[in-house]
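This is input19.txt (compact mmCIF, C-alpha atoms).
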```txt
# COMPACT_ATOMS: atom_id res chain seq x y z
CA MET A 1 -160.62 -110.28 -77.88
CA ASN A 2 -163.84 -112.23 -78.48
CA LYS A 3 -166.95 -112.08 -80.64
CA ASP A 4 -168.68 -109.47 -78.46
CA ASP A 5 -165.62 -107.21 -78.56
CA TYR A 6 -165.80 -107.07 -82.34
CA LEU A 7 -169.57 -106.64 -82.57
CA ASN A 8 -169.92 -104.03 -79.81
CA LYS A 9 -166.97 -101.77 -80.56
CA ASP A 10 -166.35 -99.15 -83.19
CA ILE A 11 -163.95 -100.02 -86.00
CA ILE A 12 -161.23 -97.76 -87.33
CA LEU A 13 -159.81 -98.74 -90.71
CA ASP A 14 -156.04 -98.31 -90.60
CA SER A 15 -155.05 -99.56 -94.05
CA VAL A 16 -155.97 -101.94 -96.85
CA PHE A 17 -153.38 -104.60 -97.62
CA ARG A 18 -155.06 -106.24 -100.57
CA GLU A 19 -158.31 -106.19 -102.46
CA SER A 20 -159.59 -108.44 -105.21
CA GLU A 21 -162.90 -109.47 -106.70
CA PHE A 22 -163.47 -112.01 -103.94
CA GLU A 23 -161.44 -110.83 -100.94
CA ARG A 24 -160.40 -107.70 -99.07
CA THR A 25 -157.70 -107.68 -96.36
CA GLU A 26 -157.51 -104.76 -93.93
CA LYS A 27 -155.71 -103.65 -90.79
CA ILE A 28 -158.21 -102.33 -88.24
CA LEU A 29 -158.38 -100.94 -84.70
CA LEU A 30 -161.26 -101.44 -82.26
CA VAL A 31 -162.43 -98.56 -80.08
CA GLY A 32 -164.43 -99.15 -76.91
CA LYS A 33 -167.04 -96.82 -75.36
CA ASN A 34 -164.33 -95.31 -73.16
CA GLY A 35 -162.32 -94.40 -76.26
CA LYS A 36 -159.62 -96.99 -75.59
CA LYS A 37 -158.14 -98.48 -78.75
CA GLU A 38 -157.31 -102.14 -79.16
CA GLY A 39 -155.29 -103.75 -81.88
CA PRO A 40 -154.26 -103.72 -84.55
CA PHE A 41 -156.10 -106.69 -85.99
CA ILE A 42 -156.42 -108.14 -89.46
CA ARG A 43 -159.91 -108.22 -90.95
CA LYS A 44 -160.57 -110.31 -94.02
CA ILE A 45 -163.80 -109.87 -95.95
CA PHE A 46 -164.73 -112.64 -98.38
CA LYS A 47 -167.19 -110.88 -100.62
CA GLN A 48 -169.08 -113.74 -102.21
CA ASN A 49 -170.25 -117.08 -100.93
CA LYS A 50 -167.69 -119.12 -102.88
CA GLY A 51 -166.58 -121.35 -100.02
CA LEU A 52 -163.51 -119.20 -99.42
CA GLY A 53 -162.27 -118.64 -95.88
CA GLU A 54 -164.24 -121.46 -94.27
CA ILE A 55 -161.10 -122.87 -92.64
CA TYR A 56 -160.85 -119.73 -90.49
CA LYS A 57 -163.90 -121.03 -88.60
CA VAL A 58 -161.95 -124.20 -87.80
CA LEU A 59 -159.00 -122.12 -86.59
CA LEU A 60 -161.38 -120.11 -84.39
CA ASN A 61 -162.77 -123.27 -82.81
CA GLU A 62 -159.22 -124.46 -82.25
CA ARG A 63 -158.41 -121.30 -80.32
CA ASN A 64 -161.62 -121.57 -78.29
CA VAL A 65 -160.62 -125.00 -76.96
CA GLY A 66 -157.16 -123.75 -76.01
CA LEU A 67 -155.14 -125.31 -78.81
CA ASN A 68 -152.90 -123.26 -81.07
CA CYS A 69 -149.60 -123.20 -82.89
CA ASP A 70 -147.17 -120.29 -83.03
CA GLY A 71 -146.99 -120.49 -86.80
CA ILE A 72 -150.78 -120.31 -87.27
CA PRO A 73 -152.71 -117.03 -86.71
CA ASN A 74 -155.13 -116.71 -83.81
CA VAL A 75 -158.64 -116.13 -85.12
CA TYR A 76 -160.91 -114.02 -82.89
CA TYR A 77 -164.10 -113.75 -84.93
CA ALA A 78 -165.71 -115.50 -87.88
CA GLY A 79 -169.23 -114.61 -88.91
CA ARG A 80 -171.45 -113.79 -91.86
CA GLU A 81 -172.90 -110.43 -92.78
CA GLY A 82 -175.26 -111.11 -95.67
CA ASP A 83 -173.28 -112.94 -98.36
CA LYS A 84 -169.97 -111.82 -96.86
CA LEU A 85 -167.78 -113.84 -94.50
CA ILE A 86 -165.96 -111.63 -91.98
CA ILE A 87 -162.78 -112.88 -90.32
CA VAL A 88 -160.85 -111.04 -87.60
CA GLU A 89 -157.45 -112.43 -86.66
CA GLU A 90 -154.27 -111.33 -84.94
CA CYS A 91 -151.97 -108.90 -86.72
CA PHE A 92 -148.60 -110.60 -86.81
CA ILE A 93 -145.73 -108.12 -86.88
CA GLY A 94 -143.45 -109.23 -89.68
CA ILE A 95 -142.49 -109.03 -93.31
CA SER A 96 -142.75 -111.58 -96.10
CA LEU A 97 -140.08 -114.25 -96.36
CA THR A 98 -139.06 -112.71 -99.69
CA ASP A 99 -138.40 -109.30 -98.13
CA PHE A 100 -136.78 -110.84 -95.05
CA LEU A 101 -134.16 -112.71 -97.09
CA LYS A 102 -133.39 -109.59 -99.11
CA LYS A 103 -132.52 -107.77 -95.87
CA HIS A 104 -130.28 -110.47 -94.39
CA ASN A 105 -127.05 -112.12 -95.39
CA PHE A 106 -127.15 -115.88 -95.43
CA ASP A 107 -126.76 -117.55 -92.05
CA ILE A 108 -127.11 -121.31 -91.72
CA ASN A 109 -128.69 -121.13 -88.26
CA LEU A 110 -131.23 -118.58 -89.46
CA PHE A 111 -131.90 -120.71 -92.54
CA ASN A 112 -132.55 -123.79 -90.39
CA THR A 113 -134.64 -121.95 -87.78
CA ILE A 114 -136.99 -120.36 -90.28
CA TYR A 115 -137.48 -123.38 -92.51
CA LEU A 116 -138.11 -125.78 -89.61
CA GLN A 117 -140.74 -123.41 -88.21
CA ILE A 118 -142.47 -123.36 -91.60
CA CYS A 119 -142.49 -127.15 -91.76
CA GLU A 120 -143.72 -127.48 -88.17
CA ALA A 121 -146.60 -125.08 -88.82
CA VAL A 122 -147.68 -127.04 -91.91
CA ASP A 123 -147.28 -130.33 -90.04
CA TYR A 124 -149.61 -128.95 -87.36
CA LEU A 125 -152.21 -128.16 -90.04
CA HIS A 126 -151.96 -131.74 -91.30
CA THR A 127 -151.96 -133.55 -87.95
CA GLY A 128 -153.35 -131.22 -85.28
CA PHE A 129 -156.98 -131.33 -86.35
CA SER A 130 -159.64 -134.01 -86.66
CA LYS A 131 -159.11 -133.86 -90.43
CA PRO A 132 -155.96 -132.55 -92.14
CA ILE A 133 -156.07 -128.93 -93.29
CA ILE A 134 -154.43 -128.34 -96.66
CA HIS A 135 -153.17 -124.77 -96.93
CA ARG A 136 -152.87 -124.83 -100.74
CA GLY A 137 -151.16 -121.44 -100.91
CA ILE A 138 -147.77 -121.84 -99.26
CA ASN A 139 -145.24 -119.52 -100.88
CA PRO A 140 -142.68 -116.91 -99.71
CA GLU A 141 -145.28 -114.13 -99.85
CA ASN A 142 -147.64 -116.01 -97.53
CA ILE A 143 -144.97 -116.60 -94.89
CA LEU A 144 -144.31 -113.71 -92.50
CA VAL A 145 -141.11 -113.45 -90.45
CA ASN A 146 -140.67 -111.24 -87.40
CA GLU A 147 -137.41 -109.34 -87.79
CA ASP A 148 -136.57 -109.42 -84.08
CA SER A 149 -137.58 -112.88 -82.89
CA HIS A 150 -137.37 -114.61 -86.30
CA LYS A 151 -140.68 -116.29 -85.54
CA ILE A 152 -142.78 -117.13 -88.58
CA GLN A 153 -146.49 -117.23 -89.33
CA LEU A 154 -148.41 -118.70 -92.23
CA ILE A 155 -151.08 -116.40 -93.60
CA ASP A 156 -153.84 -116.40 -96.20
CA PHE A 157 -156.03 -119.43 -95.55
CA GLY A 158 -158.66 -118.26 -98.02
CA ILE A 159 -158.42 -121.30 -100.29
CA SER A 160 -157.44 -123.78 -97.56
CA GLN A 161 -159.64 -126.81 -97.08
CA HIS A 162 -160.09 -129.98 -95.10
CA PHE A 163 -158.95 -133.23 -96.63
CA ASN A 164 -161.25 -136.20 -96.41
CA GLU A 165 -160.40 -139.39 -98.27
CA ASP A 166 -164.08 -140.31 -98.45
CA GLU A 167 -165.09 -137.07 -100.17
CA ASP A 168 -164.35 -135.75 -103.62
CA GLN A 169 -161.60 -133.14 -103.50
CA PRO A 170 -161.22 -130.32 -106.02
CA THR A 171 -158.46 -130.97 -108.49
CA ILE A 172 -155.42 -128.73 -108.68
CA LYS A 173 -152.33 -128.54 -110.84
CA SER A 174 -149.10 -130.20 -109.83
CA GLY A 175 -145.58 -129.41 -110.99
CA SER A 176 -146.20 -131.44 -114.14
CA ARG A 177 -149.40 -129.44 -114.85
CA ARG A 178 -151.42 -132.61 -114.42
CA ALA A 179 -154.54 -132.42 -112.29
CA PHE A 180 -154.77 -134.46 -109.10
CA LYS A 181 -156.89 -134.43 -105.97
CA ALA A 182 -155.61 -132.00 -103.37
CA ASP A 183 -154.10 -133.67 -100.31
CA VAL A 184 -151.13 -133.14 -98.00
CA ARG A 185 -148.72 -133.74 -100.87
CA ASN A 186 -149.83 -130.47 -102.39
CA ASP A 187 -148.43 -128.62 -99.36
CA ILE A 188 -145.33 -130.83 -99.41
CA TYR A 189 -144.71 -129.74 -103.00
CA SER A 190 -145.01 -126.11 -101.88
CA LEU A 191 -142.60 -126.70 -98.98
CA GLY A 192 -140.11 -128.09 -101.47
CA LYS A 193 -140.40 -124.95 -103.59
CA VAL A 194 -139.94 -122.75 -100.51
CA LEU A 195 -136.79 -124.68 -99.60
CA GLU A 196 -135.54 -124.25 -103.15
CA PHE A 197 -136.27 -120.52 -102.90
CA MET A 198 -134.30 -120.24 -99.65
CA MET A 199 -131.37 -122.17 -101.14
CA ASP A 200 -131.01 -119.66 -103.97
CA ALA A 201 -128.17 -117.28 -103.08
CA ASN A 202 -129.73 -114.56 -105.25
CA ASN A 203 -132.68 -114.33 -102.85
CA TRP A 204 -130.44 -113.34 -99.93
CA ALA A 205 -128.80 -109.97 -99.37
CA GLY A 206 -125.41 -109.97 -101.05
CA GLY A 207 -126.18 -113.15 -102.94
CA ASN A 208 -123.43 -115.05 -101.12
CA ALA A 209 -125.14 -118.07 -99.62
CA ASP A 210 -122.06 -120.27 -99.38
CA PHE A 211 -123.10 -123.78 -98.46
CA PRO A 212 -123.26 -127.16 -100.24
CA ASN A 213 -126.69 -127.06 -101.86
CA ASP A 214 -126.44 -130.67 -102.99
CA ILE A 215 -127.19 -131.78 -99.42
CA TYR A 216 -130.68 -130.27 -99.65
CA LYS A 217 -131.31 -130.79 -103.36
CA GLU A 218 -132.37 -134.39 -102.77
CA ILE A 219 -135.11 -133.15 -100.43
CA VAL A 220 -136.29 -130.58 -102.98
CA GLN A 221 -136.33 -133.16 -105.76
CA LYS A 222 -138.39 -135.65 -103.74
CA ALA A 223 -140.81 -133.03 -102.38
CA THR A 224 -141.46 -131.54 -105.83
CA ASP A 225 -141.57 -134.76 -107.81
CA SER A 226 -143.98 -134.45 -110.75
CA GLU A 227 -145.72 -137.60 -109.52
CA PRO A 228 -147.45 -136.88 -106.19
CA ALA A 229 -147.12 -140.53 -105.16
CA ASN A 230 -143.32 -140.18 -105.22
CA ARG A 231 -143.26 -137.26 -102.79
CA TYR A 232 -142.90 -137.46 -99.02
CA ASN A 233 -146.05 -138.92 -97.52
CA SER A 234 -145.96 -136.54 -94.55
CA VAL A 235 -144.32 -133.30 -93.47
CA ALA A 236 -142.96 -135.12 -90.40
CA THR A 237 -140.91 -137.38 -92.68
CA MET A 238 -139.68 -134.34 -94.57
CA ILE A 239 -138.63 -132.69 -91.30
CA ILE A 240 -136.61 -135.75 -90.34
CA GLU A 241 -134.85 -135.72 -93.71
CA PHE A 242 -134.15 -131.98 -93.40
CA GLN A 243 -132.72 -132.35 -89.90
CA SER A 244 -130.54 -135.25 -91.03
CA ALA A 245 -129.27 -133.21 -93.99
CA THR A 246 -128.63 -130.26 -91.67
CA LYS A 247 -126.47 -132.41 -89.42
CA ARG A 248 -124.45 -133.59 -92.42
CA ARG A 249 -124.20 -130.01 -93.65
CA LYS A 250 -123.00 -128.77 -90.24
CA TRP A 251 -120.41 -131.54 -90.10
CA ILE A 252 -119.03 -130.47 -93.48
CA GLN A 253 -119.15 -126.80 -92.46
CA ASP A 254 -117.14 -127.57 -89.30
CA ILE A 255 -114.51 -129.25 -91.45
CA TYR A 256 -114.36 -126.31 -93.86
CA GLU A 257 -114.05 -123.79 -91.02
CA ASP A 258 -111.51 -125.77 -88.96
CA LYS A 259 -108.06 -124.17 -89.13
CA ARG A 260 -106.40 -127.58 -89.09
CA ILE A 261 -107.62 -128.71 -92.49
CA ILE A 262 -105.66 -130.83 -94.90
CA VAL A 263 -106.66 -130.35 -98.55
CA VAL A 264 -105.12 -132.62 -101.14
CA GLY A 265 -106.13 -134.28 -104.37
CA HIS A 266 -107.61 -137.51 -105.61
CA ILE A 267 -104.47 -139.54 -104.81
CA TRP A 268 -105.08 -138.76 -101.15
CA ASN A 269 -108.64 -139.99 -101.56
CA ALA A 270 -107.38 -143.31 -102.80
CA LEU A 271 -104.71 -143.63 -100.08
CA VAL A 272 -107.14 -142.86 -97.27
CA THR A 273 -109.75 -145.23 -98.61
CA VAL A 274 -107.20 -148.03 -99.02
CA ALA A 275 -105.87 -147.34 -95.51
CA TYR A 276 -109.30 -147.76 -93.97
CA ILE A 277 -110.00 -150.92 -95.93
CA LEU A 278 -106.64 -152.48 -95.03
CA ALA A 279 -106.92 -151.45 -91.39
CA SER A 280 -110.38 -152.95 -91.06
CA ALA A 281 -109.36 -156.12 -92.87
CA PHE A 282 -106.26 -156.40 -90.67
CA VAL A 283 -108.22 -156.14 -87.45
CA ILE A 284 -110.81 -158.64 -88.65
CA TYR A 285 -108.02 -161.01 -89.65
CA LEU A 286 -106.32 -160.73 -86.27
CA ALA A 287 -109.63 -161.22 -84.49
CA ALA A 288 -110.18 -164.42 -86.46
CA THR A 289 -106.62 -165.72 -85.81
CA PRO A 290 -105.66 -164.76 -82.24
CA GLU A 291 -102.76 -167.23 -82.25
CA ILE A 292 -100.75 -165.00 -84.61
CA ASP A 293 -97.95 -163.23 -82.75
CA LEU A 294 -96.77 -159.91 -84.18
CA ILE A 295 -93.12 -159.07 -83.55
CA GLY A 296 -92.90 -160.58 -80.10
CA PRO A 297 -95.35 -160.90 -77.21
CA LEU A 298 -97.88 -158.09 -76.75
CA THR A 299 -97.65 -156.03 -73.56
CA VAL A 300 -100.68 -154.97 -71.57
CA ALA A 301 -100.44 -151.46 -73.05
CA GLU A 302 -100.22 -152.86 -76.56
CA LYS A 303 -103.27 -155.02 -75.92
CA ILE A 304 -105.23 -151.96 -74.73
CA ILE A 305 -104.16 -150.01 -77.82
CA TYR A 306 -105.03 -152.99 -79.99
CA SER A 307 -108.53 -153.19 -78.45
CA ALA A 308 -109.10 -149.48 -78.99
CA MET A 309 -107.89 -149.77 -82.57
CA THR A 310 -110.26 -152.67 -83.15
CA ILE A 311 -113.27 -150.55 -82.22
CA LEU A 312 -111.98 -147.52 -84.13
CA PHE A 313 -111.15 -149.31 -87.36
CA ILE A 314 -114.46 -151.15 -87.51
CA MET A 315 -116.71 -148.24 -86.49
CA TYR A 316 -115.05 -145.35 -88.28
CA PRO A 317 -115.77 -146.47 -91.86
CA ILE A 318 -119.32 -147.34 -90.78
CA TYR A 319 -119.62 -143.79 -89.45
CA PHE A 320 -118.65 -142.35 -92.82
CA VAL A 321 -121.08 -144.58 -94.66
CA LEU A 322 -123.95 -143.61 -92.36
CA ILE A 323 -123.19 -139.89 -92.61
CA PHE A 324 -123.07 -139.91 -96.38
CA LYS A 325 -125.66 -142.57 -97.13
CA PRO A 326 -126.34 -143.79 -99.69
CA SER A 327 -123.55 -142.38 -101.86
CA LEU A 328 -120.04 -143.81 -101.50
CA ARG A 329 -118.90 -141.09 -103.91
CA LYS A 330 -119.87 -138.43 -101.37
CA MET A 331 -118.03 -140.31 -98.65
CA VAL A 332 -114.85 -140.51 -100.67
CA LYS A 333 -115.06 -136.85 -101.67
CA SER A 334 -115.22 -135.81 -98.02
CA LEU A 335 -112.07 -137.65 -96.98
CA PRO A 336 -109.51 -135.07 -98.20
CA ARG A 337 -110.83 -132.48 -95.76
CA LEU A 338 -109.92 -133.85 -92.35
CA ASN A 339 -109.95 -131.98 -89.06
CA ALA A 340 -107.68 -132.90 -86.15
CA ILE A 341 -109.75 -135.84 -84.91
CA HIS A 342 -110.03 -137.39 -88.35
CA TYR A 343 -106.35 -136.79 -88.98
CA ILE A 344 -105.41 -138.71 -85.81
CA ALA A 345 -107.65 -141.55 -86.90
CA PHE A 346 -105.94 -141.59 -90.28
CA VAL A 347 -102.46 -141.67 -88.71
CA ILE A 348 -103.49 -144.64 -86.56
CA SER A 349 -104.88 -146.29 -89.68
CA CYS A 350 -101.57 -145.78 -91.44
CA TRP A 351 -99.82 -147.43 -88.49
CA SER A 352 -102.16 -150.36 -88.96
CA VAL A 353 -101.10 -150.57 -92.61
CA VAL A 354 -97.49 -150.80 -91.43
CA LEU A 355 -98.45 -153.70 -89.17
CA VAL A 356 -100.13 -155.36 -92.13
CA LEU A 357 -96.86 -155.14 -94.05
CA CYS A 358 -95.01 -156.59 -91.04
CA LEU A 359 -97.52 -159.41 -90.91
CA ILE A 360 -97.03 -160.14 -94.61
CA ALA A 361 -93.25 -160.16 -94.12
CA GLN A 362 -93.57 -162.53 -91.17
CA LEU A 363 -95.82 -164.90 -93.09
CA PHE A 364 -93.47 -165.10 -96.02
```
What would you get if you wrote out this structure as structure tokens?
Amino acid sequence: MNKDDYLNKDIILDSVFRESEFERTEKILLVGKNGKKEGPFIRKIFKQNKGLGEIYKVLLNERNVGLNCDGIPNVYYAGREGDKLIIVEECFIGISLTDFLKKHNFDINLFNTIYLQICEAVDYLHTGFSKPIIHRGINPENILVNEDSHKIQLIDFGISQHFNEDEDQPTIKSGSRRAFKADVRNDIYSLGKVLEFMMDANNWAGGNADFPNDIYKEIVQKATDSEPANRYNSVATMIIEFQSATKRRKWIQDIYEDKRIIVVGHIWNALVTVAYILASAFVIYLAATPEIDLIGPLTVAEKIIYSAMTILFIMYPIYFVLIFKPSLRKMVKSLPRLNAIHYIAFVISCWSVVLVLCLIAQLF
């Protein structure tokens, strides 16, 4: 569809989605001279010249030069009729994120897929144009989800605007109700609230979203900080943090779902932690004093095992620290739930503790 298609064809009004003092949103069909129908399309009518809907013109130009994003609607026409701005865009087949969650039980892959698409669409608005576009209205009702493909689309760009550091920006309210100039951090705040909404089990069918929310809470807290300067400085950074948290969350989920899980109490926490510390210290000590001979000469096989242990004992604690950065408390809490691989590593660590005892006995 192009401008001439809209201007030269008859319009059939299918339904009215929304109408307010300033805006009317409709679903329409276009009928050619041969009676063939095209559509449906979404037509938005901004009734007064209040600066609303101007970003749709930018989206139209973007489409005309062959650039687009799946999460952003294709705009086919933008023109004025008197004091009204008329926008015609694609009709995305989907339901609001709110309604979508109510119809689906929680699924971590679905959760990740949808939220990452939302972030990528907003990141495109911020980085894919000559000047960042601030949506300013991101919420579960303005995010559509296709029930078959699970693709998403942001809608309602009526109050969206360009951001230009050299120009005065209208002030808006932040989470602390303090006014500040609208920039990308306004959308980042909204993305944080959407993530918080999706984390709430009550918003899913059945209300049984069973996953460790604390992994994502840090992202929500930073994105929705009452001080805009403390929020993420870009959506790209937020995406990286979300993907990192998702990997940690999947790792924990794999442990929970593994049939070979060992669950014990805080004493086990202490024993495992001590075992890793002693094993690492033992290997470092041996590496620093190669002349020490443990219970007779080492065979070739024992040397190979010793070399493998050296790498394991040094890298494994580092692995835990990196996975659960920056909280040692989280690392320690995870240790009681070990799958088969971690259990083998712990057994080898215990063997190292035995060697430490042998070393102590030999020295004294």
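From atom CA of A:Ile114 back to atom CA of A:Lys102, the distance works out to 14.4 Å.
Every protein, DNA or RNA residue with an atom at most 8 Å from A:His162, where all atoms listed in the file count and chain neighbours fewer than 3 positions away do not, is listed here: A:Ile55, A:Lys131, A:Pro132, A:Ile133, A:Ile134.
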> With distances taken over all atoms listed in the file, which of A:Leu110, A:Ile143, A:Ala223, A:Val88 is nearest to A:Pro40?
Replying inline: A:Val88
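A straight line drawn from atom CA of A:Gln117 to atom CA of A:Ala245 is 16.2 Å long.
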> What is the atom CA of A:Phe92-atom CA of A:Thr25 distance in Å, reported with one decimal?
Replying inline: 13.5 Å
>> Measuring between all atoms listed in the file, which one of A:Asp10, A:Phe111, A:Leu191, A:Glu90 shows the shortest distance to A:Lys27?
In response: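 Closest to A:Lys27, using all atoms listed in the file: A:Glu90.
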> Taking (-145.1, -118.2, -83.3) in the file's coordinates, which residues come within 9 Å, counting all atoms listed in the file, written as a PyMOL selection string?
Replying inline: chain A and resi 69-73+117+121+151-153
> From the set A:Met198, A:Ile219, A:Leu125, A:Ile239, which residue has the shortest atom-to-atom contact distance to A:Val184, counting all atoms listed in the file?
Replying inline: A:Leu125
> So, counting only C-alpha atoms, which residue among A:Lys247, A:Arg136, A:Lys103, A:Lys9 is closest to A:Glu38?
Replying inline: A:Lys9
>> Quick one: residues within 10 Å of A:Tyr216, all atoms listed in the file, excluding same-chain residues fewer than 3 positions away - as a ChimeraX atom specification?
In response: /A:192,195-196,199,212-213,219-221,241-242,244-246,249
>> Calculated over only C-alpha atoms, which of the candidates A:Met238, A:Ala78, A:Leu154, A:Leu30 has the smallest distance to A:Leu97?
In response: A:Leu154
>> When you count all atoms listed in the file, which of these residues is closest to A:Arg80: A:Asn105, A:Leu7, A:Leu59, A:Gly35?
In response: A:Leu7
